[in-house]
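Source file: run25.pdb; contents: PDB, C-alpha atoms, pLDDT in the B column.
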MODEL        1
ATOM      1  CA  TYR A   1     -53.554 -66.800  19.794  1.00 45.00           C
ATOM      2  CA  ASP A   2     -52.528 -63.161  19.545  1.00 44.00           C
ATOM      3  CA  ALA A   3     -50.835 -61.721  22.632  1.00 44.00           C
ATOM      4  CA  ALA A   4     -51.306 -58.195  21.321  1.00 43.00           C
ATOM      5  CA  PHE A   5     -55.032 -58.378  22.159  1.00 39.00           C
ATOM      6  CA  ASP A   6     -54.645 -60.132  25.493  1.00 47.00           C
ATOM      7  CA  SER A   7     -54.966 -57.557  28.307  1.00 46.00           C
ATOM      8  CA  SER A   8     -53.442 -60.008  30.780  1.00 52.00           C
ATOM      9  CA  VAL A   9     -50.081 -59.834  29.039  1.00 50.00           C
ATOM     10  CA  PRO A  10     -47.986 -57.001  30.534  1.00 53.00           C
ATOM     11  CA  PRO A  11     -46.599 -54.420  28.086  1.00 50.00           C
ATOM     12  CA  PRO A  12     -42.924 -54.701  27.211  1.00 50.00           C
ATOM     13  CA  PRO A  13     -40.432 -52.409  28.978  1.00 50.00           C
ATOM     14  CA  GLY A  14     -40.336 -48.907  27.564  1.00 48.00           C
ATOM     15  CA  SER A  15     -43.817 -49.146  25.988  1.00 46.00           C
ATOM     16  CA  ALA A  16     -46.547 -46.568  26.553  1.00 47.00           C
ATOM     17  CA  GLY A  17     -48.223 -48.734  29.189  1.00 47.00           C
ATOM     18  CA  ALA A  18     -45.088 -49.073  31.298  1.00 44.00           C
ATOM     19  CA  PRO A  19     -44.563 -46.597  34.157  1.00 48.00           C
ATOM     20  CA  ALA A  20     -42.163 -43.778  33.334  1.00 49.00           C
ATOM     21  CA  ASN A  21     -38.824 -43.874  35.082  1.00 51.00           C
ATOM     22  CA  THR A  22     -38.333 -40.713  37.114  1.00 53.00           C
ATOM     23  CA  GLY A  23     -34.709 -39.699  36.911  1.00 60.00           C
ATOM     24  CA  GLY A  24     -34.770 -37.503  40.032  1.00 67.00           C
ATOM     25  CA  SER A  25     -35.980 -40.180  42.417  1.00 76.00           C
ATOM     26  CA  SER A  26     -33.647 -42.785  40.945  1.00 84.00           C
ATOM     27  CA  THR A  27     -30.703 -40.407  41.421  1.00 85.00           C
ATOM     28  CA  VAL A  28     -31.623 -39.834  45.066  1.00 83.00           C
ATOM     29  CA  LEU A  29     -31.954 -43.568  45.669  1.00 86.00           C
ATOM     30  CA  ALA A  30     -28.614 -44.207  43.980  1.00 86.00           C
ATOM     31  CA  VAL A  31     -26.949 -41.647  46.254  1.00 86.00           C
ATOM     32  CA  LEU A  32     -28.594 -43.055  49.378  1.00 86.00           C
ATOM     33  CA  LYS A  33     -27.413 -46.551  48.481  1.00 89.00           C
ATOM     34  CA  THR A  34     -23.823 -45.348  48.856  1.00 88.00           C
ATOM     35  CA  ALA A  35     -24.510 -43.908  52.320  1.00 88.00           C
ATOM     36  CA  ALA A  36     -23.681 -45.781  55.509  1.00 87.00           C
ATOM     37  CA  HIS A  37     -26.752 -44.320  57.265  1.00 89.00           C
ATOM     38  CA  PRO A  38     -29.404 -43.643  54.577  1.00 92.00           C
ATOM     39  CA  THR A  39     -32.278 -43.284  57.053  1.00 92.00           C
ATOM     40  CA  VAL A  40     -30.357 -40.718  59.078  1.00 92.00           C
ATOM     41  CA  CYS A  41     -29.540 -38.845  55.868  1.00 92.00           C
ATOM     42  CA  ILE A  42     -33.259 -38.650  55.083  1.00 92.00           C
ATOM     43  CA  PHE A  43     -34.189 -37.335  58.528  1.00 91.00           C
ATOM     44  CA  HIS A  44     -31.268 -34.902  58.356  1.00 93.00           C
ATOM     45  CA  ALA A  45     -33.285 -33.093  55.674  1.00 92.00           C
ATOM     46  CA  ALA A  46     -36.867 -34.184  56.422  1.00 92.00           C
ATOM     47  CA  PHE A  47     -37.667 -31.699  59.189  1.00 92.00           C
ATOM     48  CA  LYS A  48     -36.124 -28.899  57.105  1.00 95.00           C
ATOM     49  CA  VAL A  49     -38.524 -29.725  54.283  1.00 95.00           C
ATOM     50  CA  LEU A  50     -41.458 -29.543  56.726  1.00 94.00           C
ATOM     51  CA  VAL A  51     -40.203 -26.209  58.057  1.00 96.00           C
ATOM     52  CA  LEU A  52     -40.060 -24.783  54.530  1.00 96.00           C
ATOM     53  CA  LEU A  53     -43.499 -26.155  53.612  1.00 96.00           C
ATOM     54  CA  PHE A  54     -45.160 -24.499  56.609  1.00 95.00           C
ATOM     55  CA  TYR A  55     -43.190 -21.276  56.154  1.00 96.00           C
ATOM     56  CA  PHE A  56     -43.832 -20.802  52.427  1.00 95.00           C
ATOM     57  CA  LYS A  57     -47.490 -21.760  52.787  1.00 94.00           C
ATOM     58  CA  GLY A  58     -48.052 -19.194  55.502  1.00 93.00           C
ATOM     59  CA  ARG A  59     -45.821 -16.524  53.994  1.00 92.00           C
ATOM     60  CA  TYR A  60     -46.700 -16.658  50.302  1.00 91.00           C
ATOM     61  CA  ILE A  61     -49.823 -18.801  49.800  1.00 91.00           C
ATOM     62  CA  GLY A  62     -52.030 -17.911  52.714  1.00 85.00           C
ATOM     63  CA  GLY A  63     -52.662 -18.802  56.318  1.00 83.00           C
ATOM     64  CA  SER A  64     -52.537 -17.523  59.861  1.00 90.00           C
ATOM     65  CA  TYR A  65     -49.271 -15.891  60.879  1.00 93.00           C
ATOM     66  CA  THR A  66     -49.655 -17.319  64.384  1.00 94.00           C
ATOM     67  CA  SER A  67     -50.110 -20.920  63.241  1.00 94.00           C
ATOM     68  CA  THR A  68     -47.284 -20.539  60.709  1.00 94.00           C
ATOM     69  CA  PHE A  69     -45.007 -19.187  63.437  1.00 95.00           C
ATOM     70  CA  ILE A  70     -45.882 -22.022  65.823  1.00 95.00           C
ATOM     71  CA  PHE A  71     -45.518 -24.916  63.373  1.00 95.00           C
ATOM     72  CA  THR A  72     -42.397 -23.506  61.702  1.00 96.00           C
ATOM     73  CA  THR A  73     -40.705 -22.966  65.064  1.00 95.00           C
ATOM     74  CA  LEU A  74     -41.817 -26.380  66.325  1.00 95.00           C
ATOM     75  CA  PHE A  75     -40.384 -28.305  63.388  1.00 95.00           C
ATOM     76  CA  ALA A  76     -37.263 -26.139  63.405  1.00 96.00           C
ATOM     77  CA  ALA A  77     -36.733 -27.175  67.033  1.00 95.00           C
ATOM     78  CA  PHE A  78     -37.178 -30.841  66.063  1.00 94.00           C
ATOM     79  CA  ASP A  79     -34.661 -30.332  63.263  1.00 95.00           C
ATOM     80  CA  PHE A  80     -32.182 -28.626  65.575  1.00 95.00           C
ATOM     81  CA  TRP A  81     -32.400 -31.466  68.099  1.00 94.00           C
ATOM     82  CA  THR A  82     -32.088 -34.147  65.386  1.00 94.00           C
ATOM     83  CA  VAL A  83     -29.018 -32.559  63.795  1.00 94.00           C
ATOM     84  CA  LYS A  84     -27.343 -31.798  67.125  1.00 92.00           C
ATOM     85  CA  ASN A  85     -27.946 -35.146  68.828  1.00 91.00           C
ATOM     86  CA  ILE A  86     -28.343 -37.749  66.073  1.00 92.00           C
ATOM     87  CA  SER A  87     -27.248 -36.918  62.540  1.00 93.00           C
ATOM     88  CA  GLY A  88     -24.031 -35.161  63.541  1.00 91.00           C
ATOM     89  CA  ARG A  89     -22.943 -38.081  65.690  1.00 90.00           C
ATOM     90  CA  LEU A  90     -23.872 -40.811  63.201  1.00 91.00           C
ATOM     91  CA  LEU A  91     -23.031 -39.168  59.881  1.00 91.00           C
ATOM     92  CA  VAL A  92     -19.752 -37.399  60.696  1.00 89.00           C
ATOM     93  CA  GLY A  93     -18.815 -38.571  64.197  1.00 88.00           C
ATOM     94  CA  LEU A  94     -19.093 -35.101  65.775  1.00 89.00           C
ATOM     95  CA  ARG A  95     -20.797 -33.923  68.950  1.00 87.00           C
ATOM     96  CA  TRP A  96     -21.130 -30.630  70.776  1.00 86.00           C
ATOM     97  CA  TRP A  97     -23.044 -29.618  73.869  1.00 82.00           C
ATOM     98  CA  ASN A  98     -23.047 -27.319  76.864  1.00 82.00           C
ATOM     99  CA  LYS A  99     -22.603 -28.563  80.414  1.00 81.00           C
ATOM    100  CA  MET A 100     -22.785 -26.849  83.789  1.00 81.00           C
ATOM    101  CA  ARG A 101     -19.760 -26.899  86.059  1.00 81.00           C
ATOM    102  CA  GLU A 102     -19.968 -27.282  89.813  1.00 80.00           C
ATOM    103  CA  ASP A 103     -19.349 -23.561  90.304  1.00 81.00           C
ATOM    104  CA  GLY A 104     -22.409 -22.749  88.171  1.00 77.00           C
ATOM    105  CA  SER A 105     -20.525 -21.658  85.059  1.00 80.00           C
ATOM    106  CA  SER A 106     -21.169 -23.251  81.685  1.00 80.00           C
ATOM    107  CA  GLU A 107     -18.670 -25.063  79.487  1.00 82.00           C
ATOM    108  CA  TRP A 108     -18.927 -25.809  75.767  1.00 81.00           C
ATOM    109  CA  VAL A 109     -17.693 -29.272  74.819  1.00 82.00           C
ATOM    110  CA  PHE A 110     -16.704 -30.229  71.251  1.00 80.00           C
ATOM    111  CA  GLU A 111     -15.867 -33.804  70.286  1.00 82.00           C
ATOM    112  CA  SER A 112     -14.726 -35.368  67.015  1.00 80.00           C
ATOM    113  CA  ARG A 113     -13.330 -38.652  65.756  1.00 77.00           C
ATOM    114  CA  ALA A 114      -9.593 -39.054  65.932  1.00 69.00           C
ATOM    115  CA  ASP A 115      -9.568 -39.780  62.189  1.00 72.00           C
ATOM    116  CA  GLU A 116     -12.430 -38.083  60.339  1.00 71.00           C
ATOM    117  CA  SER A 117     -11.264 -39.575  57.039  1.00 75.00           C
ATOM    118  CA  THR A 118     -12.938 -42.863  58.061  1.00 81.00           C
ATOM    119  CA  VAL A 119     -16.377 -41.235  57.733  1.00 86.00           C
ATOM    120  CA  ASN A 120     -18.472 -42.420  54.786  1.00 90.00           C
ATOM    121  CA  ALA A 121     -18.067 -39.875  51.962  1.00 90.00           C
ATOM    122  CA  THR A 122     -21.774 -39.741  51.111  1.00 92.00           C
ATOM    123  CA  ASP A 123     -22.760 -39.274  54.756  1.00 92.00           C
ATOM    124  CA  ARG A 124     -20.202 -36.491  55.129  1.00 91.00           C
ATOM    125  CA  ASN A 125     -21.200 -34.668  51.945  1.00 92.00           C
ATOM    126  CA  ILE A 126     -24.926 -34.787  52.683  1.00 93.00           C
ATOM    127  CA  PHE A 127     -24.360 -33.622  56.249  1.00 94.00           C
ATOM    128  CA  TRP A 128     -22.128 -30.650  55.451  1.00 93.00           C
ATOM    129  CA  VAL A 129     -23.990 -29.477  52.336  1.00 94.00           C
ATOM    130  CA  VAL A 130     -27.263 -29.331  54.267  1.00 95.00           C
ATOM    131  CA  VAL A 131     -25.651 -27.724  57.330  1.00 95.00           C
ATOM    132  CA  TYR A 132     -24.047 -25.015  55.159  1.00 95.00           C
ATOM    133  CA  VAL A 133     -27.059 -24.303  52.934  1.00 96.00           C
ATOM    134  CA  TRP A 134     -29.645 -24.150  55.748  1.00 96.00           C
ATOM    135  CA  PRO A 135     -28.442 -20.921  57.463  1.00 96.00           C
ATOM    136  CA  LEU A 136     -27.650 -19.310  54.079  1.00 96.00           C
ATOM    137  CA  LEU A 137     -31.244 -19.874  53.008  1.00 97.00           C
ATOM    138  CA  TRP A 138     -32.648 -18.238  56.146  1.00 97.00           C
ATOM    139  CA  ALA A 139     -30.179 -15.361  55.877  1.00 97.00           C
ATOM    140  CA  PHE A 140     -31.446 -14.754  52.329  1.00 97.00           C
ATOM    141  CA  LEU A 141     -35.111 -14.877  53.438  1.00 96.00           C
ATOM    142  CA  LEU A 142     -34.301 -12.545  56.341  1.00 96.00           C
ATOM    143  CA  ILE A 143     -32.751  -9.972  54.006  1.00 96.00           C
ATOM    144  CA  MET A 144     -35.710 -10.221  51.609  1.00 95.00           C
ATOM    145  CA  ASN A 145     -38.191  -9.547  54.414  1.00 95.00           C
ATOM    146  CA  ILE A 146     -36.129  -6.644  55.730  1.00 95.00           C
ATOM    147  CA  LEU A 147     -36.074  -5.080  52.265  1.00 95.00           C
ATOM    148  CA  SER A 148     -39.845  -5.529  51.931  1.00 93.00           C
ATOM    149  CA  PHE A 149     -40.406  -4.129  55.471  1.00 92.00           C
ATOM    150  CA  SER A 150     -42.155  -7.338  56.560  1.00 91.00           C
ATOM    151  CA  PHE A 151     -40.897  -7.069  60.114  1.00 90.00           C
ATOM    152  CA  ASP A 152     -43.314  -9.622  61.564  1.00 90.00           C
ATOM    153  CA  TRP A 153     -41.658 -12.259  59.331  1.00 95.00           C
ATOM    154  CA  VAL A 154     -38.208 -10.902  60.198  1.00 95.00           C
ATOM    155  CA  LEU A 155     -38.710 -12.175  63.746  1.00 94.00           C
ATOM    156  CA  LEU A 156     -39.452 -15.686  62.502  1.00 95.00           C
ATOM    157  CA  ASN A 157     -36.536 -15.594  60.039  1.00 96.00           C
ATOM    158  CA  SER A 158     -34.212 -14.503  62.837  1.00 96.00           C
ATOM    159  CA  MET A 159     -35.253 -17.432  65.022  1.00 95.00           C
ATOM    160  CA  MET A 160     -34.706 -19.886  62.166  1.00 96.00           C
ATOM    161  CA  LEU A 161     -31.289 -18.355  61.492  1.00 96.00           C
ATOM    162  CA  VAL A 162     -30.311 -18.782  65.151  1.00 95.00           C
ATOM    163  CA  PHE A 163     -31.285 -22.469  65.067  1.00 95.00           C
ATOM    164  CA  ALA A 164     -29.408 -23.078  61.815  1.00 95.00           C
ATOM    165  CA  GLY A 165     -26.385 -20.973  62.703  1.00 94.00           C
ATOM    166  CA  SER A 166     -25.961 -22.628  66.103  1.00 93.00           C
ATOM    167  CA  ASN A 167     -25.547 -26.089  64.590  1.00 92.00           C
ATOM    168  CA  LEU A 168     -23.202 -24.781  61.903  1.00 92.00           C
ATOM    169  CA  ALA A 169     -21.025 -22.990  64.472  1.00 90.00           C
ATOM    170  CA  GLY A 170     -21.003 -25.966  66.843  1.00 89.00           C
ATOM    171  CA  TYR A 171     -20.023 -28.517  64.221  1.00 90.00           C
ATOM    172  CA  TRP A 172     -17.502 -26.159  62.643  1.00 87.00           C
ATOM    173  CA  LYS A 173     -15.680 -25.966  65.980  1.00 85.00           C
ATOM    174  CA  CYS A 174     -15.857 -29.763  66.306  1.00 82.00           C
ATOM    175  CA  SER A 175     -14.425 -30.642  62.922  1.00 77.00           C
ATOM    176  CA  LYS A 176     -10.699 -30.210  62.443  1.00 68.00           C
ATOM    177  CA  ASP A 177     -11.030 -31.936  59.072  1.00 56.00           C
ATOM    178  CA  GLU A 178     -13.638 -29.475  57.804  1.00 60.00           C
ATOM    179  CA  LYS A 179     -11.463 -26.542  58.855  1.00 59.00           C
ATOM    180  CA  LYS A 180      -8.549 -27.979  56.898  1.00 65.00           C
ATOM    181  CA  ARG A 181     -10.708 -28.468  53.805  1.00 60.00           C
ATOM    182  CA  ALA A 182     -11.982 -24.906  54.059  1.00 57.00           C
ATOM    183  CA  GLN A 183      -8.434 -23.601  54.480  1.00 63.00           C
ATOM    184  CA  ARG A 184      -7.274 -25.522  51.396  1.00 64.00           C
ATOM    185  CA  TRP A 185     -10.211 -24.158  49.410  1.00 54.00           C
ATOM    186  CA  VAL A 186      -9.440 -20.572  50.456  1.00 62.00           C
ATOM    187  CA  GLU A 187      -5.765 -21.040  49.608  1.00 65.00           C
ATOM    188  CA  SER A 188      -6.598 -22.527  46.193  1.00 67.00           C
ATOM    189  CA  GLN A 189      -8.955 -19.631  45.425  1.00 65.00           C
ATOM    190  CA  GLY A 190      -6.270 -17.153  46.500  1.00 63.00           C
ATOM    191  CA  MET A 191      -3.698 -18.801  44.251  1.00 60.00           C
ATOM    192  CA  ARG A 192      -6.175 -18.856  41.362  1.00 67.00           C
ATOM    193  CA  ALA A 193      -6.946 -15.144  41.808  1.00 64.00           C
ATOM    194  CA  MET A 194      -3.244 -14.325  41.985  1.00 62.00           C
ATOM    195  CA  ALA A 195      -2.552 -16.309  38.837  1.00 61.00           C
ATOM    196  CA  GLY A 196      -5.386 -14.531  37.065  1.00 63.00           C
ATOM    197  CA  ALA A 197      -4.044 -11.139  38.104  1.00 63.00           C
ATOM    198  CA  MET A 198      -0.632 -12.058  36.737  1.00 58.00           C
ATOM    199  CA  GLY A 199      -2.179 -13.295  33.489  1.00 61.00           C
ATOM    200  CA  LEU A 200      -1.144 -16.897  34.104  1.00 54.00           C
ATOM    201  CA  ALA A 201      -4.628 -18.366  34.347  1.00 53.00           C
TER     202      ALA A 201
ENDMDL
END
In structure tokens, how does this file's structure come out?
Amino acid sequence: YDAAFDSSVPPPPGSAGAPANTGGSSTVLAVLKTAAHPTVCIFHAAFKVLVLLFYFKGRYIGGSYTSTFIFTTLFAAFDFWTVKNISGRLLVGLRWWNKMREDGSSEWVFESRADESTVNATDRNIFWVVVYVWPLLWAFLLIMNILSFSFDWVLLNSMMLVFAGSNLAGYWKCSKDEKKRAQRWVESQGMRAMAGAMGLA
């Protein structure tokens, strides 16, 4: 009996017949395994991916401007609502909203955990990286369309930037911990620049 000619015998690991191990997907799964809320982390980015797919298809591949505008704005609104009401609360323990007072005036409310250091590190990193990168991406696309005089797309870029910037501004005001980290980073960069100017770096 020769197993080499028996098709029912599975190939050994690492052989040509075995499925290739994709490093990218395994890395993502490994990161998500360290998260306290992996599903929320996925949805924190999922609607953004859909927004980009509809935008780039309509902008660079081909399609109706009207349908691209509608679907991009629709999924951007879903993303805004998800980040504002779900992922911010579950991933980093932050909330912000606007409420109407009895006299008709509006009041912005910002809430955060008493101790933000208890937040899962993976949840926090995924949340803030995505929240920071999202408006920067739309600011870049806005500038590119202004330079190319594509003013119809400038309108759409501006709307996306408002959605993204609103969540960034709201959560920035909520998070005392994030402000401290940013302040430490600025101070460290200032000290590094000063040391370089003095020839100590």
Who sits within 12 Å of A:Arg113, all atoms listed in the file, same chain under 6 positions skipped, as a list in words: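 Counting all atoms listed in the file, the residues come to Gly88, Arg89, Leu90, Leu91, Val92, Gly93, Leu94, Arg95, Val119, Cys174, Ser175, Lys176 and Asp177 of chain A.
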Taking the file as shown, find all residues satisfying the PyMOL selection byres ((chain A and resi 156) around 12) and write them as a ChimeraX atom specification. /A:51,55,58-59,65-74,76,138-139,141-142,145-146,150-155,157-163
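Among the candidates A:Ile61, A:Met100, A:Ala164, A:Phe47, the residue lying nearest to A:Leu137 is A:Ala164 (atoms considered: only C-alpha atoms).
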A:Ile143, A:Val83, A:Leu29, A:Ala77 ranked by distance to A:Tyr171, top pick (using only C-alpha atoms):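 Selected residue with least distance to A:Tyr171: A:Val83.
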Coordinates-based distance that separates atom CA of A:Val129 from atom CA of A:Tyr60 (Å, one decimal):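 Distance reported for this atom pair: 26.2 Å.
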Quote the spacing between atom CA of A:Lys33 and atom CA of A:Gly165 in Å to one decimal place.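 Atom CA of A:Gly165 lies 29.3 Å from atom CA of A:Lys33.
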A:Gly62, A:Ala121, A:Phe56, A:Trp97 ranked by distance to A:Val109, top pick (using all atoms listed in the file): A:Trp97
Radius query 6 Å about (-20.6, -26.0, 59.5), atoms used: only C-alpha atoms, as a PDB file with C-alpha atoms, keeping the file's coordinate frame:
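Final output, selection_28.pdb:
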ATOM      1  CA  VAL A 131     -25.651 -27.724  57.330  1.00 95.00           C
ATOM      2  CA  TYR A 132     -24.047 -25.015  55.159  1.00 95.00           C
ATOM      3  CA  LEU A 168     -23.202 -24.781  61.903  1.00 92.00           C
ATOM      4  CA  ALA A 169     -21.025 -22.990  64.472  1.00 90.00           C
ATOM      5  CA  TYR A 171     -20.023 -28.517  64.221  1.00 90.00           C
ATOM      6  CA  TRP A 172     -17.502 -26.159  62.643  1.00 87.00           C
TER       7      TRP A 172
END
Point-to-point distance from atom CA of A:Glu107 to atom CA of A:Ile126, Å rounded to tenths: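 So the answer is 29.2 Å.
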